[in-house]
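So this one's protein.csv, CSV, C-alpha atoms:
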```csv
chain,number,residue,atom,x,y,z
A,1,MET,CA,-55.5,-223.8,-58.2
A,2,THR,CA,-57.6,-220.7,-57.6
A,3,SER,CA,-61.3,-221.1,-57.9
A,4,ALA,CA,-62.7,-219.4,-60.9
A,5,VAL,CA,-66.0,-218.8,-59.1
A,6,ASN,CA,-66.2,-215.3,-57.8
A,7,SER,CA,-67.0,-214.5,-54.1
A,8,ASP,CA,-70.6,-213.2,-54.4
A,9,ALA,CA,-72.0,-216.4,-52.8
A,10,GLN,CA,-69.5,-216.3,-50.0
A,11,VAL,CA,-70.1,-212.7,-49.3
A,12,GLU,CA,-73.8,-213.3,-49.1
A,13,LYS,CA,-73.1,-216.1,-46.7
A,14,LEU,CA,-71.0,-213.8,-44.5
A,15,ILE,CA,-73.8,-211.1,-44.6
A,16,THR,CA,-76.4,-213.7,-43.7
A,17,GLY,CA,-74.2,-215.0,-40.9
A,18,ILE,CA,-73.7,-211.6,-39.4
A,19,LEU,CA,-77.4,-210.8,-39.5
A,20,ALA,CA,-78.1,-214.2,-37.9
A,21,THR,CA,-76.0,-213.4,-34.9
A,22,THR,CA,-78.2,-210.4,-34.1
A,23,ARG,CA,-80.1,-210.5,-30.9
A,24,ASP,CA,-83.9,-210.7,-31.2
A,25,GLY,CA,-84.4,-207.3,-29.7
A,26,GLU,CA,-82.4,-205.8,-32.6
A,27,ALA,CA,-84.6,-207.4,-35.2
A,28,ASP,CA,-86.3,-204.1,-35.9
A,29,LYS,CA,-83.0,-202.8,-37.3
A,30,PHE,CA,-82.9,-205.3,-40.1
A,31,ALA,CA,-84.5,-202.9,-42.5
A,32,ALA,CA,-81.9,-200.3,-41.5
A,33,TRP,CA,-79.1,-202.8,-42.3
A,34,LYS,CA,-80.3,-203.4,-45.8
A,35,LYS,CA,-78.4,-200.3,-46.9
A,36,PRO,CA,-75.0,-201.4,-45.6
A,37,SER,CA,-75.6,-204.9,-46.9
A,38,ASP,CA,-76.4,-203.5,-50.4
A,39,ASP,CA,-73.3,-201.3,-50.2
A,40,ILE,CA,-71.2,-204.4,-49.6
A,41,ARG,CA,-72.7,-206.0,-52.7
A,42,ARG,CA,-71.9,-202.9,-54.7
A,43,LEU,CA,-68.3,-203.0,-53.6
A,44,VAL,CA,-68.1,-206.7,-54.5
A,45,ARG,CA,-69.3,-205.8,-58.1
A,46,HIS,CA,-67.2,-202.5,-58.4
A,47,ASP,CA,-64.4,-202.4,-60.9
A,48,TYR,CA,-61.5,-201.2,-58.7
A,49,VAL,CA,-59.0,-201.2,-61.6
A,50,ARG,CA,-61.1,-198.6,-63.4
A,51,SER,CA,-61.2,-196.4,-60.2
A,52,LEU,CA,-57.5,-196.7,-59.8
A,53,ARG,CA,-56.7,-195.8,-63.4
A,54,ARG,CA,-59.0,-192.8,-63.2
A,55,ASN,CA,-58.0,-191.4,-59.7
A,56,LEU,CA,-54.5,-192.5,-58.9
A,57,PRO,CA,-51.8,-192.3,-61.6
A,58,TYR,CA,-48.8,-194.5,-61.1
A,59,ARG,CA,-46.3,-191.6,-60.6
A,60,GLU,CA,-48.3,-190.3,-57.6
A,61,LEU,CA,-48.7,-193.8,-56.2
A,62,LYS,CA,-45.0,-194.4,-56.4
A,63,THR,CA,-44.2,-191.1,-54.7
A,64,LEU,CA,-46.5,-192.1,-51.8
A,65,VAL,CA,-45.1,-195.6,-51.5
A,66,ASP,CA,-41.5,-194.3,-51.5
A,67,ALA,CA,-42.4,-191.8,-48.8
A,68,PHE,CA,-44.0,-194.5,-46.7
A,69,THR,CA,-41.1,-196.8,-47.2
A,70,LEU,CA,-38.7,-194.1,-45.9
A,71,ALA,CA,-40.9,-193.7,-42.8
A,72,MET,CA,-41.3,-197.5,-42.4
A,73,PRO,CA,-38.6,-199.6,-44.1
A,74,SER,CA,-40.7,-202.8,-44.0
A,75,PHE,CA,-43.7,-201.1,-45.7
A,76,ASN,CA,-45.1,-203.3,-48.5
A,77,ARG,CA,-42.6,-206.0,-47.5
A,78,GLU,CA,-44.1,-207.2,-44.2
A,79,PRO,CA,-47.5,-206.8,-42.6
A,80,VAL,CA,-47.5,-203.7,-40.4
A,81,GLY,CA,-49.1,-205.9,-37.7
A,82,MET,CA,-51.1,-204.8,-34.8
A,83,LEU,CA,-49.6,-201.5,-33.4
A,84,SER,CA,-50.2,-200.3,-29.9
A,85,GLU,CA,-51.4,-196.8,-29.3
A,86,GLU,CA,-47.8,-196.0,-28.0
A,87,ARG,CA,-46.3,-197.2,-31.3
A,88,LEU,CA,-48.9,-195.2,-33.3
A,89,SER,CA,-48.1,-192.2,-31.2
A,90,GLY,CA,-44.4,-192.7,-31.7
A,91,TRP,CA,-44.8,-193.0,-35.4
A,92,ALA,CA,-46.9,-189.9,-35.6
A,93,SER,CA,-44.3,-188.0,-33.6
A,94,GLU,CA,-41.6,-189.1,-36.0
A,95,LEU,CA,-43.7,-187.7,-38.8
A,96,GLY,CA,-44.1,-184.4,-37.0
A,97,LEU,CA,-47.8,-184.9,-36.3
A,98,HIS,CA,-50.1,-184.3,-33.4
A,99,PHE,CA,-51.8,-187.6,-32.4
A,100,LYS,CA,-54.9,-188.2,-30.5
A,101,ALA,CA,-56.4,-191.6,-29.8
A,102,ALA,CA,-59.6,-191.7,-27.8
A,103,PRO,CA,-62.9,-193.6,-27.9
A,104,TYR,CA,-65.9,-191.9,-29.4
A,105,ALA,CA,-68.8,-194.2,-28.8
A,106,GLY,CA,-72.5,-194.1,-29.6
A,107,ASP,CA,-74.1,-194.8,-33.0
A,108,ASP,CA,-72.9,-191.4,-34.4
A,109,GLY,CA,-69.6,-191.6,-32.6
A,110,LEU,CA,-68.7,-195.1,-33.9
A,111,ALA,CA,-69.5,-194.0,-37.4
A,112,LEU,CA,-66.4,-191.8,-37.3
A,113,ARG,CA,-63.2,-193.8,-37.6
A,114,GLY,CA,-60.9,-190.9,-37.5
A,115,PHE,CA,-59.8,-187.6,-39.1
A,116,TYR,CA,-56.8,-185.6,-40.3
A,117,VAL,CA,-56.6,-181.9,-39.8
A,118,THR,CA,-54.2,-180.2,-42.2
A,119,ARG,CA,-51.9,-177.3,-41.4
A,120,SER,CA,-53.8,-175.1,-43.8
A,121,HIS,CA,-55.9,-172.2,-42.5
A,122,GLY,CA,-53.1,-171.3,-40.1
A,123,MET,CA,-54.7,-173.0,-37.1
A,124,LEU,CA,-52.1,-175.6,-36.4
A,125,LYS,CA,-48.4,-175.6,-37.0
A,126,ARG,CA,-48.4,-179.4,-37.2
A,127,PRO,CA,-51.2,-181.5,-38.7
A,128,LEU,CA,-53.3,-183.6,-36.4
A,129,ILE,CA,-54.4,-187.2,-36.7
A,130,TYR,CA,-57.3,-188.5,-34.6
A,131,VAL,CA,-58.2,-192.2,-34.4
A,132,ASN,CA,-61.4,-193.5,-32.7
A,133,THR,CA,-60.3,-196.3,-30.3
A,134,ALA,CA,-63.8,-197.4,-29.6
A,135,HIS,CA,-63.2,-199.6,-32.7
A,136,HIS,CA,-61.5,-202.9,-33.0
A,137,PRO,CA,-57.7,-202.5,-32.8
A,138,LEU,CA,-57.3,-203.6,-36.4
A,139,ALA,CA,-59.7,-200.8,-37.4
A,140,VAL,CA,-57.7,-198.4,-35.3
A,141,CYS,CA,-54.5,-199.4,-37.1
A,142,SER,CA,-56.1,-199.1,-40.5
A,143,THR,CA,-57.6,-195.7,-39.7
A,144,PHE,CA,-54.1,-194.6,-38.6
A,145,CYS,CA,-52.5,-195.7,-41.9
A,146,HIS,CA,-55.4,-194.1,-43.8
A,147,GLU,CA,-54.8,-190.7,-42.0
A,148,VAL,CA,-51.0,-191.0,-42.5
A,149,GLY,CA,-51.8,-191.5,-46.2
A,150,HIS,CA,-53.7,-188.2,-46.1
A,151,HIS,CA,-50.7,-186.6,-44.5
A,152,MET,CA,-48.3,-187.9,-47.1
A,153,SER,CA,-50.6,-186.8,-49.9
A,154,ALA,CA,-50.9,-183.4,-48.3
A,155,GLU,CA,-47.1,-183.0,-47.9
A,156,LEU,CA,-46.0,-184.5,-51.2
A,157,LEU,CA,-48.8,-184.0,-53.6
A,158,GLY,CA,-50.1,-180.7,-52.2
A,159,GLU,CA,-53.6,-182.1,-51.4
A,160,GLN,CA,-54.3,-179.4,-48.8
A,161,ASN,CA,-57.6,-178.0,-50.0
A,162,GLU,CA,-59.7,-179.3,-47.2
A,163,LEU,CA,-59.2,-178.4,-43.6
A,164,VAL,CA,-60.3,-181.8,-42.3
A,165,HIS,CA,-60.4,-185.2,-44.0
A,166,PHE,CA,-62.9,-187.5,-42.3
A,167,PHE,CA,-62.9,-191.2,-42.4
A,168,PHE,CA,-66.4,-192.5,-41.8
A,169,ASP,CA,-67.3,-196.2,-41.5
A,170,ALA,CA,-68.7,-197.8,-44.7
A,171,ASP,CA,-67.9,-194.7,-46.8
A,172,TYR,CA,-65.8,-196.8,-49.2
A,173,ALA,CA,-67.8,-196.4,-52.3
A,174,ALA,CA,-67.3,-192.7,-52.1
A,175,HIS,CA,-63.6,-193.1,-51.5
A,176,LEU,CA,-63.3,-194.9,-54.9
A,177,GLU,CA,-64.3,-191.7,-56.7
A,178,ASP,CA,-62.2,-189.3,-54.6
A,179,PRO,CA,-58.4,-189.3,-55.4
A,180,CYS,CA,-57.5,-188.1,-52.0
A,181,GLU,CA,-59.4,-190.8,-50.1
A,182,LEU,CA,-58.3,-193.4,-52.6
A,183,ALA,CA,-54.7,-192.6,-52.1
A,184,ALA,CA,-55.1,-192.8,-48.3
A,185,ASP,CA,-56.9,-196.2,-48.7
A,186,VAL,CA,-54.2,-197.5,-50.9
A,187,MET,CA,-51.7,-197.1,-48.1
A,188,VAL,CA,-54.0,-199.2,-45.8
A,189,SER,CA,-54.1,-201.9,-48.5
A,190,PHE,CA,-50.3,-202.0,-48.7
A,191,ALA,CA,-49.9,-202.0,-44.9
A,192,ALA,CA,-52.3,-204.9,-44.6
A,193,TYR,CA,-51.3,-206.9,-47.6
A,194,PRO,CA,-47.6,-206.3,-48.4
A,195,GLU,CA,-46.4,-207.4,-51.8
A,196,PRO,CA,-45.2,-211.0,-51.0
A,197,ILE,CA,-48.5,-211.8,-49.2
A,198,ALA,CA,-50.6,-210.0,-51.8
A,199,ARG,CA,-49.0,-212.1,-54.6
A,200,LYS,CA,-49.8,-215.2,-52.7
A,201,ILE,CA,-53.3,-214.4,-51.8
A,202,PHE,CA,-54.4,-212.8,-55.0
A,203,ALA,CA,-52.4,-215.0,-57.4
A,204,VAL,CA,-54.4,-215.9,-60.5
A,205,PRO,CA,-53.0,-218.0,-63.3
A,206,TRP,CA,-52.2,-215.6,-66.1
A,207,ARG,CA,-54.6,-215.6,-69.0
A,208,TRP,CA,-56.0,-213.1,-71.5
A,209,GLY,CA,-58.4,-210.7,-70.0
A,210,LEU,CA,-57.0,-211.0,-66.5
A,211,VAL,CA,-57.0,-207.3,-65.7
A,212,ALA,CA,-60.6,-207.0,-66.8
A,213,ARG,CA,-61.5,-209.7,-64.3
A,214,ALA,CA,-59.8,-208.0,-61.4
A,215,LYS,CA,-63.2,-206.7,-60.3
A,216,ASP,CA,-64.1,-210.2,-59.1
A,217,LEU,CA,-62.6,-211.4,-55.8
A,218,THR,CA,-62.5,-215.2,-56.0
A,219,GLU,CA,-63.8,-217.4,-53.2
A,220,ALA,CA,-60.3,-218.7,-52.5
A,221,ALA,CA,-58.9,-215.2,-52.3
A,222,LEU,CA,-61.6,-214.1,-49.9
A,223,ALA,CA,-61.0,-217.2,-47.7
A,224,GLU,CA,-57.2,-216.3,-47.7
A,225,VAL,CA,-58.0,-212.7,-46.7
A,226,VAL,CA,-60.1,-213.9,-43.8
A,227,GLY,CA,-57.3,-216.3,-42.7
A,228,HIS,CA,-54.7,-213.6,-43.2
A,229,LEU,CA,-56.5,-211.0,-41.0
A,230,LYS,CA,-57.0,-213.6,-38.3
A,231,ARG,CA,-53.4,-214.8,-38.4
A,232,PHE,CA,-51.7,-211.4,-38.4
A,233,TYR,CA,-54.2,-209.2,-36.7
A,234,GLY,CA,-56.3,-211.6,-34.6
A,235,PHE,CA,-59.4,-210.3,-36.4
A,236,ASP,CA,-62.4,-212.6,-36.6
A,237,LEU,CA,-65.5,-211.3,-38.2
A,238,MET,CA,-67.6,-213.7,-36.1
A,239,GLU,CA,-66.3,-212.6,-32.7
A,240,ARG,CA,-68.3,-210.5,-30.3
A,241,ILE,CA,-68.7,-207.3,-32.3
A,242,PRO,CA,-72.1,-205.6,-32.7
A,243,ALA,CA,-73.8,-206.6,-36.0
A,244,PRO,CA,-73.8,-203.1,-37.6
A,245,GLN,CA,-70.1,-202.9,-36.9
A,246,LYS,CA,-69.5,-206.3,-38.4
A,247,LEU,CA,-71.1,-205.2,-41.6
A,248,ASN,CA,-68.9,-202.1,-41.7
A,249,TYR,CA,-65.8,-204.2,-41.0
A,250,LEU,CA,-66.9,-206.6,-43.8
A,251,SER,CA,-67.1,-203.6,-46.1
A,252,GLY,CA,-63.6,-202.6,-45.2
A,253,MET,CA,-62.3,-206.1,-45.5
A,254,ILE,CA,-63.7,-206.4,-49.1
A,255,HIS,CA,-62.7,-202.9,-50.0
A,256,PHE,CA,-59.0,-203.1,-49.0
A,257,ALA,CA,-58.6,-206.6,-50.4
A,258,LYS,CA,-60.1,-205.6,-53.7
A,259,LEU,CA,-58.0,-202.5,-53.8
A,260,ARG,CA,-54.8,-204.5,-53.1
A,261,TRP,CA,-55.7,-206.9,-55.8
A,262,ALA,CA,-56.3,-204.1,-58.3
A,263,LEU,CA,-52.9,-202.5,-57.4
A,264,LEU,CA,-51.3,-205.8,-58.2
A,265,ALA,CA,-53.2,-206.3,-61.4
A,266,GLU,CA,-52.9,-202.8,-62.7
A,267,TYR,CA,-49.5,-201.6,-61.4
A,268,ASP,CA,-47.8,-204.9,-60.5
A,269,ILE,CA,-46.8,-203.4,-57.1
B,1,MET,CA,-64.8,-204.8,-27.4
B,2,LYS,CA,-66.3,-203.5,-24.2
B,3,LYS,CA,-70.1,-203.7,-24.0
B,4,LYS,CA,-71.6,-200.2,-24.5
B,5,THR,CA,-73.3,-199.1,-21.3
B,6,LEU,CA,-74.3,-195.8,-20.0
B,7,GLY,CA,-71.2,-195.8,-17.8
B,8,TYR,CA,-68.9,-196.6,-20.7
B,9,VAL,CA,-70.4,-193.8,-22.9
B,10,LEU,CA,-70.4,-191.3,-20.0
B,11,LYS,CA,-66.8,-191.9,-19.1
B,12,GLY,CA,-65.6,-191.9,-22.7
B,13,GLN,CA,-67.3,-188.6,-23.5
B,14,ARG,CA,-66.2,-187.0,-20.2
B,15,GLU,CA,-62.6,-187.9,-21.1
B,16,ILE,CA,-63.0,-186.7,-24.6
B,17,LEU,CA,-64.1,-183.4,-23.3
B,18,GLY,CA,-61.2,-183.4,-20.8
B,19,LEU,CA,-63.4,-183.1,-17.7
B,20,THR,CA,-62.6,-184.7,-14.4
B,21,GLN,CA,-65.4,-186.5,-12.5
B,22,ARG,CA,-65.4,-183.6,-10.0
B,23,GLU,CA,-65.8,-181.0,-12.8
B,24,LEU,CA,-68.6,-183.0,-14.5
B,25,ALA,CA,-70.4,-183.4,-11.1
B,26,ARG,CA,-70.3,-179.7,-10.6
B,27,LYS,CA,-71.8,-179.0,-14.0
B,28,LEU,CA,-74.5,-181.6,-13.4
B,29,GLY,CA,-75.2,-180.5,-9.9
B,30,VAL,CA,-74.5,-183.8,-8.3
B,31,LYS,CA,-71.8,-185.2,-6.0
B,32,PRO,CA,-68.6,-186.6,-7.7
B,33,SER,CA,-69.3,-189.9,-6.1
B,34,HIS,CA,-72.6,-190.1,-8.0
B,35,VAL,CA,-70.7,-189.6,-11.3
B,36,ALA,CA,-68.3,-192.4,-10.2
B,37,TYR,CA,-71.2,-194.7,-9.5
B,38,LEU,CA,-72.8,-193.8,-12.9
B,39,GLU,CA,-69.6,-194.6,-14.7
B,40,LYS,CA,-69.4,-197.9,-13.1
B,41,ASP,CA,-73.0,-198.6,-14.0
B,42,ARG,CA,-73.9,-199.0,-10.3
B,43,ARG,CA,-76.5,-196.3,-10.4
B,44,ARG,CA,-79.2,-195.3,-12.9
B,45,PRO,CA,-79.8,-191.6,-13.5
B,46,SER,CA,-83.2,-190.0,-13.3
B,47,LEU,CA,-84.8,-188.7,-16.4
B,48,GLY,CA,-83.9,-185.1,-15.5
B,49,LEU,CA,-80.2,-186.1,-14.9
B,50,VAL,CA,-80.1,-188.0,-18.3
B,51,SER,CA,-81.3,-184.7,-19.9
B,52,ARG,CA,-78.6,-182.7,-18.1
B,53,ILE,CA,-75.9,-185.3,-18.9
B,54,ALA,CA,-76.8,-185.1,-22.6
B,55,ASP,CA,-76.7,-181.3,-22.5
B,56,VAL,CA,-73.4,-181.0,-20.7
B,57,LEU,CA,-71.6,-183.7,-22.7
B,58,GLY,CA,-73.2,-182.9,-26.0
B,59,LEU,CA,-74.8,-186.3,-26.4
B,60,GLU,CA,-78.2,-187.1,-27.9
B,61,LYS,CA,-80.9,-187.6,-25.3
B,62,GLU,CA,-82.8,-190.6,-26.7
B,63,PRO,CA,-79.9,-193.1,-27.1
B,64,LEU,CA,-78.6,-192.0,-23.7
B,65,PHE,CA,-82.0,-192.6,-22.1
B,66,LEU,CA,-82.2,-196.0,-23.7
B,67,LEU,CA,-78.8,-196.9,-22.3
B,68,ALA,CA,-79.9,-195.9,-18.8
B,69,HIS,CA,-83.3,-197.6,-19.2
B,70,PRO,CA,-83.0,-200.3,-21.8
B,71,GLU,CA,-86.3,-201.8,-20.7
B,72,ALA,CA,-88.0,-198.7,-22.2
B,73,SER,CA,-86.9,-199.6,-25.7
B,74,SER,CA,-90.0,-201.7,-26.3
B,75,LEU,CA,-92.2,-198.7,-25.4
B,76,LEU,CA,-90.7,-196.5,-28.0
B,77,THR,CA,-91.9,-196.7,-31.5
B,78,GLY,CA,-90.5,-195.2,-34.7
B,79,ARG,CA,-86.9,-195.6,-33.4
B,80,ARG,CA,-84.2,-193.9,-35.3
B,81,ASP,CA,-82.7,-195.7,-38.2
B,82,PRO,CA,-79.0,-196.2,-37.3
B,83,ALA,CA,-78.0,-196.2,-40.9
B,84,ALA,CA,-79.8,-193.0,-41.7
B,85,ARG,CA,-77.7,-189.8,-41.7
B,86,ARG,CA,-79.1,-186.5,-40.7
B,87,ASP,CA,-79.1,-183.6,-43.1
B,88,PRO,CA,-75.7,-181.9,-42.4
B,89,ASP,CA,-77.2,-178.4,-42.8
B,90,GLN,CA,-79.8,-179.2,-40.2
B,91,VAL,CA,-77.0,-180.5,-37.9
B,92,TRP,CA,-75.1,-177.2,-38.4
B,93,ARG,CA,-78.2,-175.2,-37.6
B,94,ASP,CA,-78.9,-177.3,-34.5
B,95,PHE,CA,-75.3,-176.7,-33.4
B,96,THR,CA,-75.0,-173.0,-34.0
B,97,GLY,CA,-78.6,-172.5,-32.8
B,98,ASN,CA,-77.8,-174.0,-29.4
B,99,LYS,CA,-76.5,-170.9,-27.7
B,100,ALA,CA,-76.4,-172.6,-24.3
B,101,LEU,CA,-74.2,-175.4,-25.7
B,102,LEU,CA,-71.9,-172.9,-27.4
B,103,ALA,CA,-71.6,-170.8,-24.2
B,104,ARG,CA,-71.0,-173.9,-22.1
B,105,HIS,CA,-68.1,-175.0,-24.2
B,106,SER,CA,-66.9,-171.4,-24.7
B,107,VAL,CA,-66.9,-171.8,-28.5
B,108,LYS,CA,-65.3,-168.6,-29.9
B,109,ALA,CA,-66.3,-166.8,-33.2
B,110,ARG,CA,-63.0,-167.8,-34.8
B,111,GLU,CA,-63.6,-171.4,-33.9
B,112,LEU,CA,-67.1,-171.3,-35.3
B,113,LYS,CA,-65.6,-170.0,-38.5
B,114,VAL,CA,-63.3,-173.0,-38.6
B,115,LEU,CA,-66.1,-175.4,-37.8
B,116,SER,CA,-68.2,-173.8,-40.6
B,117,GLN,CA,-65.5,-174.9,-43.0
B,118,VAL,CA,-65.7,-178.4,-41.5
B,119,ASN,CA,-69.5,-178.2,-42.0
B,120,LEU,CA,-69.0,-177.4,-45.7
B,121,LEU,CA,-67.6,-180.9,-46.2
B,122,GLY,CA,-71.2,-182.1,-45.6
B,123,LYS,CA,-70.1,-185.1,-43.5
B,124,ILE,CA,-71.1,-184.1,-40.0
B,125,THR,CA,-74.1,-186.0,-38.9
B,126,ALA,CA,-74.4,-185.0,-35.2
B,127,PRO,CA,-73.8,-181.7,-33.4
B,128,ARG,CA,-71.5,-183.4,-30.9
B,129,HIS,CA,-69.1,-184.2,-33.8
B,130,PHE,CA,-68.4,-180.5,-34.0
B,131,LEU,CA,-67.5,-180.3,-30.3
B,132,PHE,CA,-65.4,-183.4,-30.6
B,133,ILE,CA,-63.4,-182.1,-33.5
B,134,LEU,CA,-63.1,-178.7,-31.8
B,135,ASN,CA,-61.8,-180.3,-28.6
B,136,ALA,CA,-59.2,-182.3,-30.5
B,137,ILE,CA,-58.0,-179.2,-32.3
B,138,ARG,CA,-57.9,-177.2,-29.1
B,139,GLN,CA,-55.8,-179.8,-27.4
B,140,ALA,CA,-53.3,-179.8,-30.3
B,141,VAL,CA,-53.2,-176.0,-30.2
B,142,GLU,CA,-52.5,-176.1,-26.5
B,143,ALA,CA,-49.7,-178.6,-27.0
B,144,GLU,CA,-48.1,-176.3,-29.6
B,145,GLU,CA,-48.3,-173.3,-27.2
B,146,GLN,CA,-46.6,-175.2,-24.3
```
Full structure transcribed into structure tokens:
Amino acid sequence: MTSAVNSDAQVEKLITGILATTRDGEADKFAAWKKPSDDIRRLVRHDYVRSLRRNLPYRELKTLVDAFTLAMPSFNREPVGMLSEERLSGWASELGLHFKAAPYAGDDGLALRGFYVTRSHGMLKRPLIYVNTAHHPLAVCSTFCHEVGHHMSAELLGEQNELVHFFFDADYAAHLEDPCELAADVMVSFAAYPEPIARKIFAVPWRWGLVARAKDLTEAALAEVVGHLKRFYGFDLMERIPAPQKLNYLSGMIHFAKLRWALLAEYDI
Amino acid sequence: MKKKTLGYVLKGQREILGLTQRELARKLGVKPSHVAYLEKDRRRPSLGLVSRIADVLGLEKEPLFLLAHPEASSLLTGRRDPAARRDPDQVWRDFTGNKALLARHSVKARELKVLSQVNLLGKITAPRHFLFILNAIRQAVEAEEQ
């Protein structure tokens, strides 16, 4: 039976745990980390169903999912799993994309997860995807899926207005209000939590008002998410990752999980 | 994840810019073996060399200096807030105003025009991002021309 208690307390525990692992010398940065911590709390409270309804109609979503399924038949059926750079490169090549994977370190460098350069403005004949491999391999895979999401949107839905789409760490709140970014993030959610797994993790006994409550991630669901990421992607939030990165990864973890739950609750997909 | 050291950052950025150790050494005015030692964290660069490395590789000087001399961090006050983002317009002005940097990386007028469109997105927080993006696009264009 799923706990009715939402995950606020558990998220707080995770944030506190992350900050507690900080070395003494970095204590002066605590004030700077207040913002990412607050951003996480905002994501926890955000109503994802409302953002989905406003920014991603079902027809567009279905078009994108069908295109992804053509490119990857197991999409939304099995977890994409940890893909090596070679696999990512091969997939990009099959999609007719340039692919660049390279580390981009430093505080400013790490803030950039990746980008997608469209064909527009006549500069490139084929679009380009870049992923920052200075990040955890799970983050690299999710960045790749996000950028492929941009590519699909650009090709199928004509979202070619911008020359470059950037994916910055911890920019998730902004993604929720941007149809292009939301569509790209949705693809990451499907890749990480395919339907059978999503139904298991986010299952809530049906009752009136269920959809309205999709903004709350239950404690049990969050624990399942943590276990799922560890099982399929070897990702452990408590491993040796610098604290600011951990906070960003926690943001991503909550964002993509809540998005997947909202997709299930709103579109039953 | 590998620990971030000066050598790690130096090697990563050199590879991003597509430079060999020999080419980087020439630009810095040092022997290639010195670059190799720096990348293996077996030597510490002088203050002057840190400054040249930052210029040549398009990196920020202060974090680079702190990587080379971490013991100096306690002497520095008012350190940069890692969560704070710089004003994108200022970043663009810094980038386009640095003629030496533009010349060093042979940034053409057409490329600047493209980067100005990138700047309009208001997401770039450091001048080196522009170089990084430009380099990625250049490599893709080269691949198409081959």
Discussion item. For a cutoff of 12 Å around the file-coordinate point (-66.2, -185.4, -31.1), which residues qualify once you count only C-alpha atoms? I'd like the result as a PyMOL selection string.
Written reply: (chain A and resi 100-106+108-115+130-132+166) or (chain B and resi 12-18+57-59+124-138)
Worksheet item: Quick one: distance from CA of Gln90 (chain B) to CA of Asp55 (chain B) in Å, one decimal?
Response: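 Answer for the CA of Gln90 (chain B) to CA of Asp55 (chain B) separation: 18.1 Å.
The point (-78.0, -197.2, -28.9) has these residues within 7 Å of it when all atoms listed in the file are used: Gly106 and Asp107 of chain A; Pro63, Leu66 and Leu67 of chain B.
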Discussion item. Would you compute the distance between CA of Tyr8 (chain B) and CA of Leu97 (chain A)? Give it in Å to one decimal.
Written reply: 28.7 Å
Practice prompt. Find, counting all atoms listed in the file, the residue in B:Leu10, B:Ile53, B:Ala103, B:Val118 that gets nearest to Gly29 (chain B).
Written response: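 Closest candidate: B:Ile53.
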Discussion item. Can you tell me which residues surround Arg126 (chain A) at a distance of at most 8 Å, considering all atoms listed in the file, apart from same-chain residues fewer than 5 positions away, and format the answer as a ChimeraX atom specification?
Written reply: /A:96-98,118-119
Discussion item. Which residues are close to Arg22 (chain B), i.e. within 12 Å by all atoms listed in the file, leaving aside same-chain residues fewer than 6 positions away? Reply as number ranges by chain.
Written reply: B: 14, 28-36
Worksheet item: When you draw a straight line from CA of His151 (chain A) to CA of Gly252 (chain A), how long is it in Å?
Response: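 One can read the CA of His151 (chain A) to CA of Gly252 (chain A) distance as 20.6 Å.
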Discussion item. Please determine, counting all atoms listed in the file, which residue among B:Ala68, B:Leu47, B:Val9, B:Leu38 has the shortest atom-to-atom distance to chain A.
Written reply: B:Val9
Practice prompt. Compare B:Leu120, B:Ala109, B:Leu24, B:Val114 by their minimum atom-to-atom distance to Leu124 (chain A), counting only C-alpha atoms, and give me the closest one.
Written response: B:Val114
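With only C-alpha atoms as the atoms that count, the minimum distance from chain A to the choices B:Leu112, B:Leu121, B:Leu102, B:Val56 is reached by B:Leu121.
With distances taken over all atoms listed in the file, B:Pro70 is the one residue among B:Val107, B:Phe95, B:Pro70, B:Arg43 lying closest to chain A.
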